[in-house]
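Novice: Got coords-v1.cif for you, mmCIF, C-alpha atoms and all ligand atoms:
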```cif
data_target
loop_
_atom_site.label_atom_id
_atom_site.label_comp_id
_atom_site.auth_asym_id
_atom_site.auth_seq_id
_atom_site.Cartn_x
_atom_site.Cartn_y
_atom_site.Cartn_z
CA MET F 1 -25.24 -2.47 23.37
CA ARG F 2 -26.28 -0.21 20.49
CA ILE F 3 -24.21 -0.73 17.33
CA GLY F 4 -24.26 1.56 14.29
CA LEU F 5 -23.09 0.13 11.01
CA ILE F 6 -22.15 2.36 8.10
CA GLY F 7 -21.95 0.01 5.14
CA ALA F 8 -24.41 -2.81 4.56
CA GLY F 9 -22.54 -5.03 2.12
CA HIS F 10 -20.62 -8.22 2.87
CA ILE F 11 -18.90 -7.11 6.03
CA GLY F 12 -21.55 -4.67 7.31
CA SER F 13 -24.44 -7.13 6.99
CA THR F 14 -22.30 -9.90 8.53
CA LEU F 15 -21.49 -7.79 11.57
CA ALA F 16 -25.14 -6.75 11.83
CA TYR F 17 -26.14 -10.43 11.87
CA LEU F 18 -23.51 -11.35 14.47
CA CYS F 19 -24.29 -8.40 16.74
CA ALA F 20 -28.04 -9.06 16.59
CA GLU F 21 -27.43 -12.75 17.40
CA ALA F 22 -25.38 -11.61 20.39
CA GLY F 23 -28.29 -9.46 21.63
CA ASP F 24 -27.17 -6.03 20.47
CA GLU F 25 -29.47 -3.45 18.90
CA VAL F 26 -28.25 -2.49 15.43
CA ALA F 27 -28.81 0.42 13.04
CA ILE F 28 -27.43 -0.27 9.57
CA ALA F 29 -26.91 2.20 6.73
CA ASN F 30 -25.71 2.23 3.16
CA ARG F 31 -25.23 4.91 0.52
CA HIS F 32 -28.54 4.42 -1.28
CA GLY F 33 -30.83 4.92 1.71
CA PRO F 34 -32.88 2.90 4.22
CA ASP F 35 -35.58 1.97 1.70
CA THR F 36 -33.01 -0.14 -0.18
CA LEU F 37 -32.33 -2.11 3.01
CA ARG F 38 -35.85 -3.35 3.79
CA ASP F 39 -35.15 -6.95 2.68
CA LEU F 40 -32.00 -7.07 4.77
CA GLU F 41 -33.92 -5.64 7.71
CA LEU F 42 -36.50 -8.42 7.36
CA ASP F 43 -33.80 -11.09 7.05
CA LEU F 44 -31.93 -9.92 10.11
CA GLY F 45 -34.93 -9.61 12.40
CA ARG F 46 -36.28 -7.18 14.93
CA HIS F 47 -32.95 -6.19 16.51
CA VAL F 48 -31.77 -4.60 13.26
CA HIS F 49 -33.23 -1.48 11.66
CA ALA F 50 -32.28 0.39 8.51
CA ALA F 51 -31.06 3.96 8.90
CA THR F 52 -29.19 6.74 7.17
CA PRO F 53 -25.44 7.01 7.87
CA ASP F 54 -26.08 10.03 10.14
CA GLU F 55 -28.72 8.11 12.09
CA ALA F 56 -26.53 5.00 12.41
CA ALA F 57 -23.67 7.18 13.67
CA ARG F 58 -25.90 8.83 16.27
CA PHE F 59 -27.47 5.51 17.29
CA GLY F 60 -24.33 3.51 17.93
CA GLU F 61 -22.39 3.44 21.17
CA ILE F 62 -19.92 1.75 18.87
CA VAL F 63 -20.07 2.60 15.16
CA VAL F 64 -18.48 0.36 12.53
CA LEU F 65 -17.21 1.70 9.22
CA ALA F 66 -17.78 -1.09 6.70
CA VAL F 67 -17.42 0.92 3.50
CA PRO F 68 -14.71 0.83 0.83
CA PHE F 69 -11.73 2.75 2.22
CA GLY F 70 -11.94 5.28 -0.63
CA GLN F 71 -15.18 6.60 0.93
CA TYR F 72 -13.55 7.65 4.19
CA ARG F 73 -13.98 11.36 3.51
CA ASP F 74 -17.72 10.89 3.09
CA LEU F 75 -18.51 9.94 6.69
CA PRO F 76 -20.72 11.83 9.19
CA ALA F 77 -17.82 13.31 11.17
CA ALA F 78 -19.94 15.50 13.46
CA GLU F 79 -22.21 12.61 14.47
CA LEU F 80 -19.15 10.47 15.21
CA ASN F 81 -17.66 12.92 17.69
CA GLY F 82 -16.85 11.19 20.96
CA LYS F 83 -17.75 7.74 19.60
CA THR F 84 -15.77 4.55 19.46
CA VAL F 85 -15.49 3.94 15.73
CA ILE F 86 -14.33 0.60 14.36
CA ASP F 87 -12.57 0.90 11.04
CA ALA F 88 -13.08 -2.43 9.28
CA SER F 89 -12.00 -1.04 5.91
CA ASN F 90 -8.93 -1.90 3.86
CA TYR F 91 -7.03 0.07 1.26
CA TYR F 92 -7.17 -1.50 -2.20
CA PRO F 93 -5.80 1.00 -4.75
CA GLN F 94 -7.49 -0.74 -7.69
CA ARG F 95 -10.87 -0.18 -5.98
CA ASP F 96 -10.23 2.95 -3.91
CA GLY F 97 -7.91 4.95 -6.18
CA ARG F 98 -4.30 5.68 -5.30
CA PHE F 99 -3.49 7.56 -2.11
CA ALA F 100 0.13 8.74 -2.32
CA GLU F 101 0.50 8.94 1.45
CA LEU F 102 -0.39 5.25 1.73
CA GLU F 103 1.73 4.16 -1.20
CA ASP F 104 4.93 5.45 0.41
CA GLY F 105 4.03 3.67 3.67
CA HIS F 106 4.32 6.71 5.95
CA VAL F 107 0.83 6.39 7.35
CA THR F 108 -1.78 3.66 7.66
CA SER F 109 -5.26 3.84 6.24
CA SER F 110 -6.75 3.86 9.75
CA GLU F 111 -4.62 6.87 10.69
CA LEU F 112 -6.12 8.71 7.72
CA VAL F 113 -9.58 7.75 8.96
CA GLN F 114 -8.68 8.99 12.46
CA TRP F 115 -7.45 12.32 11.06
CA GLU F 116 -10.69 12.69 9.11
CA LEU F 117 -12.69 12.02 12.31
CA PRO F 118 -10.71 13.96 14.90
CA GLY F 119 -13.43 13.75 17.55
CA ALA F 120 -13.83 9.97 17.28
CA HIS F 121 -11.78 7.18 18.83
CA VAL F 122 -10.85 5.00 15.90
CA VAL F 123 -10.09 1.31 16.39
CA LYS F 124 -8.98 -0.90 13.53
CA ALA F 125 -10.64 -4.32 13.80
CA PHE F 126 -12.59 -6.91 11.80
CA ASN F 127 -10.64 -5.94 8.69
CA ALA F 128 -8.49 -9.03 8.38
CA MET F 129 -10.98 -11.92 8.15
CA ARG F 130 -13.21 -12.65 5.17
CA TRP F 131 -16.89 -11.91 5.79
CA ASP F 132 -18.06 -15.51 5.33
CA HIS F 133 -15.43 -16.78 7.78
CA LEU F 134 -16.31 -14.03 10.23
CA ARG F 135 -19.92 -15.11 10.01
CA SER F 136 -19.27 -18.73 10.94
CA TYR F 137 -15.97 -18.99 12.85
CA GLY F 138 -16.94 -17.09 15.98
CA HIS F 139 -18.31 -19.76 18.23
CA SER F 140 -17.02 -22.68 16.21
CA ALA F 141 -13.78 -23.26 18.02
CA GLY F 142 -14.89 -24.25 21.52
CA ALA F 143 -14.17 -22.70 24.89
CA ASN F 144 -10.40 -23.22 24.94
CA ARG F 145 -9.49 -22.20 21.44
CA ARG F 146 -10.76 -19.21 19.55
CA TYR F 147 -9.84 -17.44 16.36
CA GLY F 148 -7.96 -14.21 16.93
CA ILE F 149 -9.04 -10.77 15.74
CA PRO F 150 -6.24 -8.18 15.64
CA VAL F 151 -7.21 -4.84 17.18
CA SER F 152 -5.24 -1.57 16.94
CA ALA F 153 -6.08 1.77 18.52
CA ASP F 154 -4.51 4.80 20.14
CA ASP F 155 -7.27 5.24 22.72
CA SER F 156 -7.18 2.52 25.35
CA ASP F 157 -10.80 2.91 26.54
CA ALA F 158 -12.06 2.53 22.99
CA LYS F 159 -9.79 -0.46 22.47
CA TRP F 160 -11.22 -2.16 25.58
CA LYS F 161 -14.77 -1.58 24.36
CA VAL F 162 -13.90 -3.25 21.09
CA PHE F 163 -12.16 -6.11 22.90
CA ASP F 164 -15.49 -6.73 24.68
CA LEU F 165 -17.39 -6.70 21.40
CA VAL F 166 -14.91 -9.10 19.77
CA GLU F 167 -15.33 -11.46 22.73
CA GLN F 168 -19.09 -11.14 22.56
CA LEU F 169 -19.00 -12.30 18.94
CA GLY F 170 -17.02 -15.41 19.90
CA PHE F 171 -13.50 -14.37 18.89
CA GLU F 172 -10.41 -13.51 20.89
CA PRO F 173 -9.07 -9.97 20.58
CA VAL F 174 -5.33 -9.66 20.02
CA ASP F 175 -3.79 -6.29 20.84
CA ALA F 176 -1.68 -5.29 17.85
CA GLY F 177 -0.73 -1.82 19.17
CA GLY F 178 -1.60 1.68 18.00
CA LEU F 179 -3.06 2.78 14.68
CA ALA F 180 0.39 3.42 13.22
CA ASP F 181 2.41 0.39 14.33
CA GLY F 182 -0.47 -2.02 14.93
CA GLY F 183 -2.42 -1.01 11.84
CA ARG F 184 0.59 -1.95 9.73
CA LYS F 185 0.57 -5.45 11.19
CA HIS F 186 -2.88 -6.46 9.98
CA GLN F 187 -3.47 -4.59 6.76
CA PRO F 188 -3.61 -6.25 3.32
CA GLY F 189 -0.31 -7.86 2.32
CA THR F 190 0.71 -8.82 5.85
CA PRO F 191 1.13 -12.47 6.91
CA VAL F 192 -1.91 -12.33 9.20
CA TYR F 193 -4.30 -10.83 6.67
CA THR F 194 -7.09 -13.34 5.93
CA ALA F 195 -4.89 -16.06 7.48
CA ASP F 196 -7.60 -17.16 9.97
CA LEU F 197 -5.26 -17.83 12.88
CA TRP F 198 -5.95 -19.15 16.33
CA ALA F 199 -5.41 -16.35 18.84
CA GLU F 200 -2.11 -17.77 20.13
CA ASP F 201 -0.75 -18.12 16.59
CA LEU F 202 -1.91 -14.61 15.70
CA ARG F 203 -0.14 -13.24 18.78
CA GLU F 204 3.07 -14.97 17.77
CA ARG F 205 2.80 -13.90 14.13
CA ILE F 206 2.38 -10.21 14.97
CA GLY F 207 4.88 -10.28 17.81
CA VAL F 208 2.66 -9.75 20.85
CA ASP F 209 3.40 -11.33 24.23
CA ALA F 210 0.54 -13.40 25.68
N1 LIG F 301 -15.64 -8.53 2.03
C1 LIG F 301 -14.87 -8.96 3.05
O1 LIG F 301 -14.71 -10.19 3.29
C2 LIG F 301 -14.20 -7.95 3.96
C3 LIG F 301 -13.62 -8.40 5.15
C4 LIG F 301 -13.02 -7.46 6.01
C5 LIG F 301 -13.00 -6.11 5.65
N2 LIG F 301 -13.53 -5.72 4.47
C6 LIG F 301 -13.48 -4.28 4.14
O2 LIG F 301 -14.75 -3.74 4.50
C7 LIG F 301 -15.12 -2.70 3.59
C8 LIG F 301 -16.44 -3.07 2.95
O3 LIG F 301 -16.26 -4.26 2.19
P1 LIG F 301 -17.52 -5.10 1.66
O4 LIG F 301 -16.95 -6.31 1.02
O5 LIG F 301 -18.52 -5.24 2.73
O6 LIG F 301 -18.05 -4.10 0.54
P2 LIG F 301 -19.45 -4.14 -0.23
O7 LIG F 301 -20.06 -5.48 -0.13
O8 LIG F 301 -19.18 -3.58 -1.58
O9 LIG F 301 -20.36 -3.10 0.60
C9 LIG F 301 -20.00 -1.76 0.71
C10 LIG F 301 -21.10 -1.05 1.47
O10 LIG F 301 -20.67 0.28 1.73
C11 LIG F 301 -21.75 1.17 1.41
N3 LIG F 301 -21.19 2.49 1.12
C12 LIG F 301 -20.30 2.83 0.16
N4 LIG F 301 -20.02 4.13 0.24
C13 LIG F 301 -20.76 4.62 1.27
C14 LIG F 301 -20.91 5.89 1.83
N5 LIG F 301 -20.24 6.95 1.35
N6 LIG F 301 -21.75 6.04 2.89
C15 LIG F 301 -22.46 4.98 3.37
N7 LIG F 301 -22.34 3.73 2.88
C16 LIG F 301 -21.51 3.56 1.83
C17 LIG F 301 -22.42 0.52 0.24
O11 LIG F 301 -23.69 1.09 0.06
P3 LIG F 301 -24.50 0.95 -1.34
O12 LIG F 301 -24.75 -0.53 -1.53
O13 LIG F 301 -25.73 1.75 -1.12
O14 LIG F 301 -23.59 1.51 -2.41
C18 LIG F 301 -22.43 -0.93 0.71
O15 LIG F 301 -23.50 -1.15 1.58
C19 LIG F 301 -13.97 -2.58 2.58
O16 LIG F 301 -13.09 -1.57 2.98
C20 LIG F 301 -13.31 -3.96 2.66
O17 LIG F 301 -11.94 -3.90 2.28
C21 LIG F 301 -14.15 -6.60 3.62
#
```
Please express what this file holds, its structure, as C-alpha cells.

Specialist:
Amino acid sequence: MRIGLIGAGHIGSTLAYLCAEAGDEVAIANRHGPDTLRDLELDLGRHVHAATPDEAARFGEIVVLAVPFGQYRDLPAAELNGKTVIDASNYYPQRDGRFAELEDGHVTSSELVQWELPGAHVVKAFNAMRWDHLRSYGHSAGANRRYGIPVSADDSDAKWKVFDLVEQLGFEPVDAGGLADGGRKHQPGTPVYTADLWAEDLRERIGVDA
C-alpha cells in the first residue's frame, strides 16, 4: 500500500518505519521541506522517500496526519479529497493554543479535522500510544495476544482500511465508534490514553463488545 505521512517527528517517523517494515511504500513530509529529511530517508531505507505535504497527500492511499493538532488548518485539503486520512494528533492546549470549542467539550479534535477536510474520510487512530511503544510493541505480544489500538471514524470503508493497516503493523484494532463518541474515548485524559492495553482490556475499558 502507499502511505503518505504529514509530520516526520516522533510519531510520523515511527509510523514510516513500521509501514516500510511491513512492505508499504511511504512518502513522508514535514514543514521545513524534503531536503531536511534526507538523513531520515537514508535511515529508513528505499521504501521511504521525502516529500512535500502536498506530494505526500497525493501519494498516499492512506494519509496520516502526525503534526501538532494546532496545525490542522494548515493541511493540503484539496489533495486530501477522497482519501482515508488518519488523524494521529492530540489536542494539548499548552502546545496548540486554546480552542474554545474543544474546551467546552462539544466537539472532538478529530471532528474539527474532519470539518477542515470535508472531502476526506477522517479516522482517529495511533493517537493513544507513545511513539517508542508503538515502535516496539507491534509484534511483541505473540499470535494470541496483541496490544489494542482504538480506532474511531464516521466512514465505515475508511475505518476498515485503517483496521487492515493496524493489523499489518502487528496490533489489534478496537472499534471505538464515530469521531464524536469514539474520539472522546481515546483522547488525552481518558483511561485508555497511553495505557498500553491488550485488545481485550481496551475493549472492556472503552465499553465495546467483543
Ligand atoms: N510523541 C508521541 O508519542 C505521540 C504519540 C501519539 C500521537 N502523538 C501526536 O502526534 C502529533 C505529532 O507528535 P510528535 O511527537 O510526532 O511531534 P514532533 O516530534 O514535534 O513532530 C511534529 C512534526 O510535524 C511537522 N509539522 C508541523 N507543522 C506542520 C505543517 N503545518 N505541515 C507539515 N508538517 C508539519 C514537523 O515538521 P518540522 O520538523 O519541519 O517543523 C514535525 O516533523 C501530535 O499531535 C501528538 O500529540 C504523539

Novice: Suppose you want the space between atom CA of F:Val107 and atom CA of F:Asn81; what is it in Å?

Specialist: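 Separation of atom CA of F:Val107 and atom CA of F:Asn81: 22.2 Å.
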
Novice: Return as lines of an AutoDock Vina configuration file the box centre and box size in Å, one decimal, for an axis-aligned box around all listed atoms of ligand LIG 301 (chain F) padded by 5 Å per side.

Specialist:
```
center_x = -18.8
center_y = -1.6
center_z = 1.8
size_x = 23.8
size_y = 27.1
size_z = 18.4
```

Novice: What is the atom C13 of ligand LIG 301 (chain F)-atom CA of F:Arg73 distance in Å, reported with one decimal?

Specialist: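 For atom C13 of ligand LIG 301 (chain F) relative to atom CA of F:Arg73, the distance reads 9.8 Å.
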
Novice: Show me which residues sit within 7 Å of ligand LIG 301 (chain F) when counting all atoms listed in the file, and put them as number ranges by chain.

Specialist: F: 6-12, 29-33, 53, 66-69, 71, 74-75, 88-92, 126-132

Novice: Which residues are close to F:Ala51, i.e. within 10 Å by all atoms listed in the file, leaving aside same-chain residues fewer than 6 positions away? Reply as a list of chain:residue names.

Specialist: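 In the requested form, the answer reads F:Gly4, F:Leu5, F:Ile6, F:Val26, F:Ala27, F:Ile28, F:Ala29, F:Asn30, F:Gly33, F:Pro34, F:Asp35, F:Leu37, F:Ala57, F:Phe59.
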
Novice: Would you list the residues near (-10.1, 0.9, 22.0), meaning any protein, DNA or RNA residue with an atom at most 10 Å from that point in file coordinates, counting all atoms listed in the file, as a ChimeraX atom specification?

Specialist: /F:84-86,121-125,151-164,175,178

Novice: Rounded to one decimal, what separation in Å do you get between atom CA of F:Ser110 and atom CA of F:Ala77?

Specialist: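 Those two atoms sit 14.6 Å apart.
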
Novice: Quick one: of F:Gly97, F:Pro173, F:Gly183, F:Gly148, who's nearest to F:Asp196, counting only C-alpha atoms?

Specialist: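 Residue with the minimum atom-to-atom distance to F:Asp196: F:Gly148.
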
Novice: So which residues fall inside 12 Å of (-22.6, -7.1, 19.9) if we count all atoms listed in the file? Mind giving them as number ranges by chain?

Specialist: F: 1-5, 14-27, 47-48, 60-64, 161-171
